[in-house]
file structure-v2.txt (compact mmCIF, C-alpha atoms)
# COMPACT_ATOMS: atom_id res chain seq x y z
CA MET A 891 -26.08 -7.90 47.39
CA THR A 892 -26.74 -8.39 43.73
CA ALA A 893 -24.91 -11.01 41.78
CA ARG A 894 -22.31 -9.83 39.29
CA ALA A 895 -23.54 -10.01 35.72
CA THR A 896 -21.95 -12.79 33.74
CA ARG A 897 -21.06 -12.67 30.05
CA THR A 898 -24.36 -14.28 29.06
CA ASP A 899 -26.36 -11.86 31.26
CA ARG A 900 -25.19 -8.77 29.42
CA PRO A 901 -27.53 -7.61 26.65
CA ASP A 902 -24.63 -7.04 24.24
CA ALA A 903 -23.16 -10.52 24.68
CA GLY A 904 -22.17 -12.11 21.40
CA ARG A 905 -22.41 -8.88 19.43
CA SER A 906 -19.54 -7.27 17.62
CA ARG A 907 -18.30 -4.15 19.34
CA ALA A 908 -17.08 -1.33 17.15
CA VAL A 909 -13.66 0.09 17.78
CA PRO A 910 -13.93 3.84 18.41
CA ARG A 911 -12.16 6.07 15.93
CA ALA A 912 -10.48 9.39 16.44
CA ALA A 913 -12.65 12.43 15.95
CA GLY A 914 -11.01 13.44 12.67
CA ALA A 915 -10.27 9.96 11.34
CA VAL A 916 -11.56 8.95 7.93
CA HIS A 917 -13.02 5.49 7.45
CA PRO A 918 -10.54 3.04 5.86
CA LEU A 919 -13.06 2.22 3.14
CA ALA A 920 -13.25 5.91 2.24
CA LEU A 921 -9.46 6.04 2.11
CA VAL A 922 -9.44 3.11 -0.30
CA ILE A 923 -11.72 4.83 -2.82
CA LEU A 924 -10.26 8.33 -2.40
CA PRO A 925 -7.52 8.04 -5.08
CA LEU A 926 -9.69 6.31 -7.72
CA PRO A 927 -10.47 9.46 -9.77
CA ALA A 928 -6.83 10.54 -9.58
CA ILE A 929 -5.72 7.13 -10.85
CA VAL A 930 -8.20 7.21 -13.73
CA ALA A 931 -7.27 10.80 -14.62
CA THR A 932 -3.56 9.95 -14.54
CA LEU A 933 -4.08 7.08 -16.95
CA LEU A 934 -6.41 8.89 -19.36
CA THR A 935 -4.98 12.41 -19.58
CA GLU A 936 -2.19 13.10 -22.05
CA GLY A 937 -0.15 15.47 -19.90
CA VAL A 938 1.75 14.75 -16.72
CA GLY A 939 0.20 17.50 -14.61
CA ILE A 940 -2.20 15.17 -12.80
CA GLY A 941 0.59 12.67 -12.20
CA LEU A 942 2.93 15.30 -10.76
CA ALA A 943 0.12 16.62 -8.57
CA ALA A 944 -0.57 13.07 -7.36
CA ILE A 945 3.10 12.64 -6.45
CA ALA A 946 3.09 15.94 -4.55
CA VAL A 947 -0.10 15.04 -2.67
CA GLY A 948 1.29 11.61 -1.86
CA LEU A 949 4.48 13.08 -0.41
CA VAL A 950 2.51 15.60 1.66
CA VAL A 951 0.30 12.82 3.00
CA ALA A 952 3.39 10.72 3.75
CA ALA A 953 4.92 13.66 5.64
CA ALA A 954 1.93 13.55 7.98
CA ARG A 955 2.88 9.96 8.75
CA GLY A 956 6.44 10.90 9.62
CA PRO A 957 9.56 12.45 8.08
CA ARG A 958 11.33 9.12 7.80
CA PHE A 959 8.46 7.55 5.89
CA ALA A 960 8.18 10.61 3.63
CA GLY A 961 11.91 10.59 2.94
CA GLY A 962 11.89 6.92 2.06
CA LEU A 963 8.90 7.39 -0.22
CA LEU A 964 10.62 10.33 -1.94
CA VAL A 965 13.76 8.29 -2.59
CA ALA A 966 11.69 5.36 -3.86
CA THR A 967 9.75 7.73 -6.14
CA LEU A 968 12.91 9.18 -7.67
CA LEU A 969 14.57 5.79 -8.12
CA GLY A 970 11.41 4.23 -9.52
CA THR A 971 10.98 7.07 -11.99
CA PHE A 972 14.55 6.75 -13.24
CA VAL A 973 14.42 2.95 -13.53
CA LEU A 974 11.09 2.95 -15.37
CA TRP A 975 12.14 5.86 -17.54
CA THR A 976 15.30 4.05 -18.59
CA GLY A 977 13.46 0.79 -19.23
CA PHE A 978 10.70 2.40 -21.28
CA ALA A 979 13.19 4.45 -23.27
CA PHE A 980 14.97 1.24 -24.22
CA ALA A 981 11.79 -0.75 -24.92
CA ILE A 982 9.84 1.84 -26.94
CA PRO A 983 10.89 1.63 -30.60
CA ALA A 984 12.06 4.87 -32.18
CA GLU A 985 10.07 6.19 -35.13
CA PRO A 986 12.01 6.83 -38.35
CA ALA A 987 10.54 10.33 -38.64
CA GLU A 988 11.82 11.38 -35.25
CA SER A 989 14.54 13.98 -34.89
CA SER A 990 18.15 12.90 -34.71
CA ALA A 991 18.64 14.52 -31.29
CA VAL A 992 19.32 11.98 -28.56
CA VAL A 993 19.57 12.03 -24.78
CA THR A 994 23.24 11.31 -24.23
CA TRP A 995 23.13 10.93 -20.44
CA LEU A 996 20.56 8.11 -20.53
CA PRO A 997 21.64 4.52 -21.22
CA PHE A 998 21.36 3.44 -24.87
CA HIS A 999 21.03 7.14 -25.91
CA PRO A 1000 17.33 7.16 -26.89
CA PRO A 1001 15.91 9.91 -29.14
CA VAL A 1002 14.41 12.92 -27.40
CA ASP A 1003 10.85 12.14 -28.51
CA THR A 1004 11.14 8.55 -27.30
CA ALA A 1005 12.61 9.72 -23.99
CA LEU A 1006 9.69 12.10 -23.45
CA VAL A 1007 7.14 9.36 -24.12
CA ALA A 1008 9.01 7.05 -21.75
CA LEU A 1009 9.11 9.76 -19.08
CA ARG A 1010 5.36 10.32 -19.28
CA SER A 1011 4.72 6.58 -18.94
CA ALA A 1012 7.10 6.29 -15.98
CA LEU A 1013 5.52 9.26 -14.20
CA ARG A 1014 2.05 7.78 -14.61
CA ILE A 1015 3.04 4.52 -12.93
CA VAL A 1016 5.13 6.15 -10.20
CA SER A 1017 2.45 8.72 -9.36
CA ILE A 1018 -0.17 6.01 -8.89
CA MET A 1019 2.16 3.95 -6.69
CA THR A 1020 3.25 6.97 -4.62
CA LEU A 1021 -0.31 8.08 -3.93
CA ALA A 1022 -1.49 4.55 -3.15
CA ILE A 1023 1.39 3.84 -0.74
CA ALA A 1024 0.96 7.14 1.08
CA ILE A 1025 -2.77 6.59 1.61
CA ALA A 1026 -2.34 2.91 2.50
CA ALA A 1027 -0.12 3.91 5.43
CA PHE A 1028 -3.19 5.37 7.17
CA ILE A 1029 -5.53 2.43 6.58
CA ARG A 1030 -6.32 0.20 9.54
CA TRP A 1031 -6.64 -3.26 8.09
CA ASP A 1032 -8.65 -4.70 10.99
CA VAL A 1033 -11.32 -2.00 10.66
CA LEU A 1034 -11.43 -2.31 6.87
CA ALA A 1035 -11.64 -6.11 6.88
CA ASP A 1036 -14.28 -6.34 9.61
CA THR A 1037 -16.35 -3.61 7.98
CA LEU A 1038 -16.30 -5.39 4.62
CA ILE A 1039 -17.25 -8.67 6.31
CA ASP A 1040 -20.00 -7.23 8.49
CA ARG A 1041 -21.51 -4.55 6.23
CA PHE A 1042 -20.81 -5.80 2.70
CA ARG A 1043 -20.76 -9.58 3.25
CA VAL A 1044 -17.33 -10.08 1.74
CA PRO A 1045 -16.08 -13.64 2.48
CA TYR A 1046 -13.91 -13.53 5.56
CA ARG A 1047 -11.68 -16.29 4.21
CA LEU A 1048 -10.44 -14.00 1.44
CA LEU A 1049 -9.78 -11.00 3.70
CA ASP A 1050 -8.19 -13.02 6.47
CA VAL A 1051 -5.81 -14.73 4.05
CA ILE A 1052 -4.75 -11.30 2.75
CA GLY A 1053 -4.23 -10.10 6.32
CA LEU A 1054 -2.21 -13.19 7.17
CA GLY A 1055 -0.05 -12.53 4.13
CA GLY A 1056 0.74 -9.08 5.49
CA ARG A 1057 1.57 -10.58 8.87
CA PHE A 1058 3.81 -13.13 7.18
CA ALA A 1059 5.68 -10.30 5.45
CA VAL A 1060 6.22 -8.63 8.83
CA LEU A 1061 7.71 -11.84 10.23
CA MET A 1062 10.00 -12.17 7.23
CA ARG A 1063 11.20 -8.59 7.65
CA ARG A 1064 11.85 -9.26 11.32
CA ASP A 1065 13.89 -12.36 10.51
CA LEU A 1066 15.95 -10.41 7.99
CA ALA A 1067 16.61 -7.65 10.52
CA THR A 1068 17.71 -10.22 13.10
CA ALA A 1069 20.01 -11.92 10.62
CA ARG A 1070 21.59 -8.62 9.58
CA THR A 1071 22.17 -7.71 13.22
CA LEU A 1072 23.88 -11.04 13.90
CA VAL A 1073 26.08 -10.62 10.83
CA ARG A 1074 27.06 -7.11 11.87
CA LEU A 1075 27.97 -8.27 15.37
CA ARG A 1076 29.91 -11.24 14.09
CA THR A 1077 31.93 -9.20 11.60
CA ARG A 1078 32.40 -6.30 14.05
CA GLY A 1079 31.26 -3.74 11.51
CA SER A 1080 33.47 -4.86 8.61
CA ARG A 1081 31.53 -4.18 5.41
CA LEU A 1082 33.52 -6.65 3.32
CA ARG A 1083 32.99 -9.52 5.75
CA SER A 1084 29.36 -8.48 6.22
CA ALA A 1085 28.81 -8.71 2.46
CA ARG A 1086 30.34 -12.19 2.37
CA LEU A 1087 28.28 -13.50 5.26
CA GLY A 1088 25.17 -11.66 4.07
CA ALA A 1089 25.23 -13.63 0.83
CA GLY A 1090 24.63 -16.78 2.86
CA LEU A 1091 21.53 -15.47 4.63
CA ALA A 1092 19.16 -16.72 1.94
CA VAL A 1093 19.01 -20.30 3.21
CA PRO A 1094 18.39 -19.47 6.92
CA VAL A 1095 15.74 -16.90 6.04
CA LEU A 1096 13.99 -19.36 3.71
CA MET A 1097 14.08 -22.03 6.42
CA ALA A 1098 12.55 -19.55 8.87
CA ALA A 1099 9.85 -18.75 6.29
CA PHE A 1100 8.98 -22.43 5.93
CA ARG A 1101 8.84 -22.75 9.71
CA HIS A 1102 6.47 -19.78 9.98
CA ALA A 1103 4.31 -21.25 7.23
CA ASP A 1104 4.06 -24.60 9.02
CA GLU A 1105 3.20 -22.95 12.33
CA LEU A 1106 0.59 -20.77 10.64
CA THR A 1107 -0.99 -23.77 8.92
CA VAL A 1108 -1.23 -25.72 12.17
CA ALA A 1109 -2.65 -22.73 14.05
CA MET A 1110 -5.32 -22.05 11.41
CA GLU A 1111 -6.36 -25.69 11.29
CA ALA A 1112 -6.48 -25.97 15.08
CA ARG A 1113 -8.71 -22.90 15.34
CA GLY A 1114 -11.11 -24.16 12.71
CA PHE A 1115 -10.44 -21.53 10.08
CA GLY A 1116 -13.01 -21.81 7.30
CA ALA A 1117 -15.20 -24.28 9.17
CA HIS A 1118 -18.09 -21.79 9.42
CA ASP A 1119 -19.75 -19.49 6.93
CA ASP A 1120 -19.11 -16.37 9.00
CA ARG A 1121 -17.03 -15.25 11.94
CA THR A 1122 -17.22 -12.76 14.77
CA VAL A 1123 -16.15 -9.21 13.95
CA HIS A 1124 -14.83 -6.79 16.55
CA ALA A 1125 -13.65 -3.75 14.58
CA ALA A 1126 -16.53 -3.10 12.16
CA VAL A 1127 -17.29 0.63 11.93
CA PRO A 1128 -20.17 2.12 9.92
CA LEU A 1129 -19.56 4.82 7.35
CA ARG A 1130 -20.44 8.35 8.44
CA VAL A 1131 -21.66 11.42 6.60
CA ARG A 1132 -18.25 12.98 7.15
CA ASP A 1133 -16.63 10.19 5.15
CA GLY A 1134 -18.96 10.83 2.22
CA VAL A 1135 -18.26 14.56 2.36
CA VAL A 1136 -14.49 13.98 2.30
CA VAL A 1137 -14.79 11.59 -0.65
CA GLY A 1138 -17.04 14.00 -2.54
CA ILE A 1139 -14.69 16.96 -2.04
CA VAL A 1140 -11.59 15.01 -3.09
CA TRP A 1141 -13.32 13.52 -6.12
CA GLY A 1142 -14.70 16.90 -7.16
CA VAL A 1143 -11.30 18.62 -6.92
CA THR A 1144 -9.67 15.79 -8.87
CA VAL A 1145 -12.24 15.88 -11.67
CA PHE A 1146 -12.03 19.68 -11.88
CA ALA A 1147 -8.22 19.55 -12.12
CA ALA A 1148 -8.38 16.89 -14.84
CA VAL A 1149 -10.92 18.89 -16.86
CA VAL A 1150 -8.89 22.08 -16.57
CA GLN A 1151 -5.69 20.33 -17.65
CA GLU A 1152 -7.35 18.87 -20.73
CA GLY A 1153 -8.46 22.33 -21.81
CA VAL A 1154 -12.18 21.58 -21.68
CA PRO A 1155 -14.14 24.74 -20.86
CA VAL A 1156 -15.72 24.60 -17.42
CA LEU A 1157 -18.97 26.44 -16.81
CA VAL A 1158 -19.03 28.05 -13.39
CA VAL A 1159 -22.48 29.07 -12.22
call {"tool": "encode", "arguments": {"input": "structure-v2.txt", "output": "structure tokens"}}
result
Amino acid sequence: MTARATRTDRPDAGRSRAVPRAAGAVHPLALVILPLPAIVATLLTEGVGIGLAAIAVGLVVAAARGPRFAGGLLVATLLGTFVLWTGFAFAIPAEPAESSAVVTWLPFHPPVDTALVALRSALRIVSIMTLAIAIAAFIRWDVLADTLIDRFRVPYRLLDVIGLGGRFAVLMRRDLATARTLVRLRTRGSRLRSARLGAGLAVPVLMAAFRHADELTVAMEARGFGAHDDRTVHAAVPLRVRDGVVVGIVWGVTVFAAVVQEGVPVLVV
């Protein structure tokens, strides 16, 4: 009988093992750089066509994640557009030469020209946020972080702290959900009593946040975080030719759409 191979006997001991991806999955690093031309075009072009297209693409991408996520993103897009539109319309000073026509259904009744400028500015910001949020929903942080650490030598301390911040936000959201459930059970569904008790949730949630922060600090110190120059990676995945093709196609379509919108003649060979 042959002895069972131990961990040190295996030839791949101590190496980082890549996490297999789905056949049609795009690398997280490629997803990060995908919207860059759209963001630049949205900021530099005068019209709102690129911004509206970015919002539409973002909602379609979000629909692939799930109808609930897409619906929430749509509501956030509409509310964000209205809030930013109203704020910009109030903040942008009206020119004396502008027409006397005003938008009566907006707060402060801004002139039409000022309202249009404010709407374009609001759509630019909202389109960038919508597209970024929709794409970020498909990014696997562990694969992205380990790839940047292993392939591009990005300091792991920076990436791990960002990842821990995301985990901390998840814990905070869980504490808030637990507190809301307890309030709803205690008030037996009464909205008025729930509102009164809900106002006092700030202190318990903050205390829970401090407790999580203390536990996280102790755990990181006990595990020697930052004591070494590098760390073991388990989810690093190399970029493939398919990722470059996807990025090239998306960038090319975005640049072509931006050029067409600006009215620059395009030579097709």
call {"tool": "atom_distance", "arguments": {"input": "structure-v2.txt", "atom1": "atom CA of A:Pro927", "atom2": "atom CA of A:Ala953"}}
result
22.2 Å
call {"tool": "closest_residue", "arguments": {"input": "structure-v2.txt", "among": "A:Trp975, A:Phe959, A:Phe1115, A:Phe1058", "to": "A:Phe1100", "atoms": "all atoms listed in the file"}}
result
A:Phe1058
call {"tool": "residues_around", "arguments": {"input": "structure-v2.txt", "residues": "A:Leu919", "least_positions_apart": "6", "cutoff": "9 Å", "atoms": "only C-alpha atoms", "output": "list in words"}}
result
Ile1029, Val1033, Leu1034, Thr1037, Leu1038, Leu1129 and Asp1133 of chain A
call {"tool": "atom_distance", "arguments": {"input": "structure-v2.txt", "atom1": "atom CA of A:Gly1134", "atom2": "atom CA of A:Ala920"}}
result
7.5 Å
call {"tool": "residues_around", "arguments": {"input": "structure-v2.txt", "residues": "A:Gly970", "least_positions_apart": "5", "cutoff": "9 Å", "atoms": "all atoms listed in the file", "output": "list in words"}}
result
Val965, Trp975, Ala1012 and Val1016 of chain A
call {"tool": "residues_around", "arguments": {"input": "structure-v2.txt", "residues": "A:Asp1119", "least_positions_apart": "3", "cutoff": "12 Å", "atoms": "all atoms listed in the file", "output": "list in words"}}
result
Ile1039, Arg1043, Val1044, Pro1045, Tyr1046, Arg1047, Gly1114, Phe1115, Gly1116 and Thr1122 of chain A
call {"tool": "closest_atom_pairs", "arguments": {"input": "structure-v2.txt", "of": "stretch 942-980 of chain A", "to": "stretch 1018-1025 of chain A", "cutoff": "7 Å", "atoms": "all atoms listed in the file", "output": "tab-separated table"}}
result
residue	atom	partner	partner_atom	distance
A:Ala944	CA	A:Leu1021	CA	6.1
A:Ile945	CA	A:Thr1020	CA	6.0
A:Gly948	CA	A:Leu1021	CA	4.4
A:Val951	CA	A:Ala1024	CA	6.0
A:Ala952	CA	A:Ala1024	CA	5.1
A:Thr967	CA	A:Thr1020	CA	6.7
call {"tool": "closest_residue", "arguments": {"input": "structure-v2.txt", "among": "A:Asp1036, A:Leu1075, A:His999, A:Phe978", "to": "A:Val1123", "atoms": "only C-alpha atoms"}}
result
A:Asp1036
call {"tool": "atom_distance", "arguments": {"input": "structure-v2.txt", "atom1": "atom CA of A:Leu996", "atom2": "atom CA of A:Gly941"}}
result
22.1 Å
call {"tool": "closest_residue", "arguments": {"input": "structure-v2.txt", "among": "A:Ala1069, A:Met1110, A:Leu942, A:Leu924", "to": "A:Val1143", "atoms": "all atoms listed in the file"}}
result
A:Leu924
call {"tool": "closest_residue", "arguments": {"input": "structure-v2.txt", "among": "A:Leu1061, A:Ile982, A:Ala1035, A:Ala1126", "to": "A:Thr1004", "atoms": "only C-alpha atoms"}}
result
A:Ile982
call {"tool": "closest_residue", "arguments": {"input": "structure-v2.txt", "among": "A:Arg1057, A:His1124, A:Phe980, A:Ala1005", "to": "A:Val992", "atoms": "only C-alpha atoms"}}
result
A:Ala1005
call {"tool": "axis_aligned_box", "arguments": {"input": "structure-v2.txt", "around": "stretch 1076-1087 of chain A", "padding_each_side": "3 Å", "output": "lines of an AutoDock Vina configuration file"}}
result
center_x = 30.9
center_y = -8.6
center_z = 8.2
size_x = 11.2
size_y = 15.8
size_z = 17.7
call {"tool": "residues_around", "arguments": {"input": "structure-v2.txt", "residues": "A:Leu926", "least_positions_apart": "5", "cutoff": "10 Å", "atoms": "all atoms listed in the file", "output": "list in words"}}
result
Leu921, Ala931, Thr932, Ile1018, Ala1022, Trp1141 and Thr1144 of chain A
call {"tool": "residues_around", "arguments": {"input": "structure-v2.txt", "residues": "stretch 1085-1096 of chain A", "least_positions_apart": "5", "cutoff": "8 Å", "atoms": "only C-alpha atoms", "output": "PyMOL selection string"}}
result
chain A and resi 1062+1065-1066+1069-1070+1073
call {"tool": "closest_residue", "arguments": {"input": "structure-v2.txt", "among": "A:Ala954, A:Val1007, A:Ala991, A:Leu1054", "to": "A:Phe1028", "atoms": "only C-alpha atoms"}}
result
A:Ala954
call {"tool": "decode", "arguments": {"input": "structure-v2.txt", "residues": "stretch 1125-1148 of chain A", "atoms": "N, CA, C and O atoms", "output": "short mmCIF file (atom, residue, chain, number, x, y, z; two decimals), in the first residue's frame"}}
result
data_model
loop_
_atom_site.label_atom_id
_atom_site.label_comp_id
_atom_site.auth_asym_id
_atom_site.auth_seq_id
_atom_site.Cartn_x
_atom_site.Cartn_y
_atom_site.Cartn_z
N ALA A 1125 -8.08 33.31 -5.42
CA ALA A 1125 -9.08 33.53 -6.47
C ALA A 1125 -8.53 34.30 -7.66
O ALA A 1125 -9.30 34.83 -8.45
N ALA A 1126 -7.21 34.37 -7.80
CA ALA A 1126 -6.63 35.10 -8.93
C ALA A 1126 -6.91 34.36 -10.23
O ALA A 1126 -6.70 33.15 -10.33
N VAL A 1127 -7.40 35.08 -11.22
CA VAL A 1127 -7.74 34.51 -12.53
C VAL A 1127 -7.08 35.35 -13.61
O VAL A 1127 -7.23 36.58 -13.60
N PRO A 1128 -6.37 34.75 -14.54
CA PRO A 1128 -5.73 35.54 -15.60
C PRO A 1128 -6.76 36.05 -16.61
O PRO A 1128 -7.83 35.45 -16.80
N LEU A 1129 -6.43 37.15 -17.24
CA LEU A 1129 -7.28 37.69 -18.30
C LEU A 1129 -7.18 36.80 -19.54
O LEU A 1129 -6.12 36.25 -19.85
N ARG A 1130 -8.29 36.66 -20.25
CA ARG A 1130 -8.34 35.83 -21.45
C ARG A 1130 -8.54 36.70 -22.68
O ARG A 1130 -8.87 37.88 -22.58
N VAL A 1131 -8.35 36.08 -23.84
CA VAL A 1131 -8.56 36.79 -25.09
C VAL A 1131 -10.01 37.23 -25.21
O VAL A 1131 -10.31 38.31 -25.73
N ARG A 1132 -10.92 36.41 -24.72
CA ARG A 1132 -12.34 36.76 -24.78
C ARG A 1132 -12.63 38.06 -24.04
O ARG A 1132 -13.45 38.86 -24.49
N ASP A 1133 -11.96 38.27 -22.92
CA ASP A 1133 -12.17 39.51 -22.18
C ASP A 1133 -11.73 40.72 -23.00
O ASP A 1133 -12.41 41.75 -23.03
N GLY A 1134 -10.58 40.60 -23.67
CA GLY A 1134 -10.13 41.70 -24.51
C GLY A 1134 -11.05 41.96 -25.68
O GLY A 1134 -11.27 43.12 -26.07
N VAL A 1135 -11.62 40.91 -26.26
CA VAL A 1135 -12.55 41.08 -27.37
C VAL A 1135 -13.81 41.81 -26.91
O VAL A 1135 -14.32 42.72 -27.58
N VAL A 1136 -14.33 41.41 -25.74
CA VAL A 1136 -15.53 42.07 -25.21
C VAL A 1136 -15.26 43.55 -24.94
O VAL A 1136 -16.07 44.42 -25.31
N VAL A 1137 -14.13 43.85 -24.33
CA VAL A 1137 -13.78 45.24 -24.05
C VAL A 1137 -13.63 46.03 -25.34
O VAL A 1137 -14.12 47.17 -25.47
N GLY A 1138 -12.97 45.45 -26.34
CA GLY A 1138 -12.78 46.14 -27.61
C GLY A 1138 -14.09 46.43 -28.32
O GLY A 1138 -14.29 47.52 -28.86
N ILE A 1139 -15.02 45.47 -28.31
CA ILE A 1139 -16.31 45.67 -28.97
C ILE A 1139 -17.11 46.77 -28.27
O ILE A 1139 -17.66 47.68 -28.91
N VAL A 1140 -17.17 46.71 -26.94
CA VAL A 1140 -17.94 47.70 -26.19
C VAL A 1140 -17.33 49.08 -26.36
O VAL A 1140 -18.05 50.07 -26.58
N TRP A 1141 -16.02 49.19 -26.28
CA TRP A 1141 -15.38 50.48 -26.46
C TRP A 1141 -15.60 51.02 -27.87
O TRP A 1141 -15.85 52.22 -28.06
N GLY A 1142 -15.50 50.15 -28.87
CA GLY A 1142 -15.70 50.60 -30.24
C GLY A 1142 -17.11 51.11 -30.48
O GLY A 1142 -17.30 52.15 -31.13
N VAL A 1143 -18.11 50.38 -29.98
CA VAL A 1143 -19.50 50.82 -30.14
C VAL A 1143 -19.73 52.14 -29.43
O VAL A 1143 -20.41 53.05 -29.94
N THR A 1144 -19.15 52.30 -28.25
CA THR A 1144 -19.33 53.54 -27.49
C THR A 1144 -18.70 54.73 -28.22
O THR A 1144 -19.32 55.80 -28.33
N VAL A 1145 -17.49 54.56 -28.71
CA VAL A 1145 -16.82 55.65 -29.43
C VAL A 1145 -17.59 55.99 -30.71
O VAL A 1145 -17.77 57.17 -31.05
N PHE A 1146 -18.06 54.98 -31.43
CA PHE A 1146 -18.82 55.23 -32.65
C PHE A 1146 -20.10 56.01 -32.34
O PHE A 1146 -20.45 56.96 -33.05
N ALA A 1147 -20.81 55.62 -31.28
CA ALA A 1147 -22.04 56.33 -30.91
C ALA A 1147 -21.75 57.77 -30.52
O ALA A 1147 -22.51 58.69 -30.87
N ALA A 1148 -20.65 58.00 -29.80
CA ALA A 1148 -20.31 59.36 -29.40
C ALA A 1148 -19.95 60.22 -30.61
O ALA A 1148 -20.34 61.39 -30.70
#
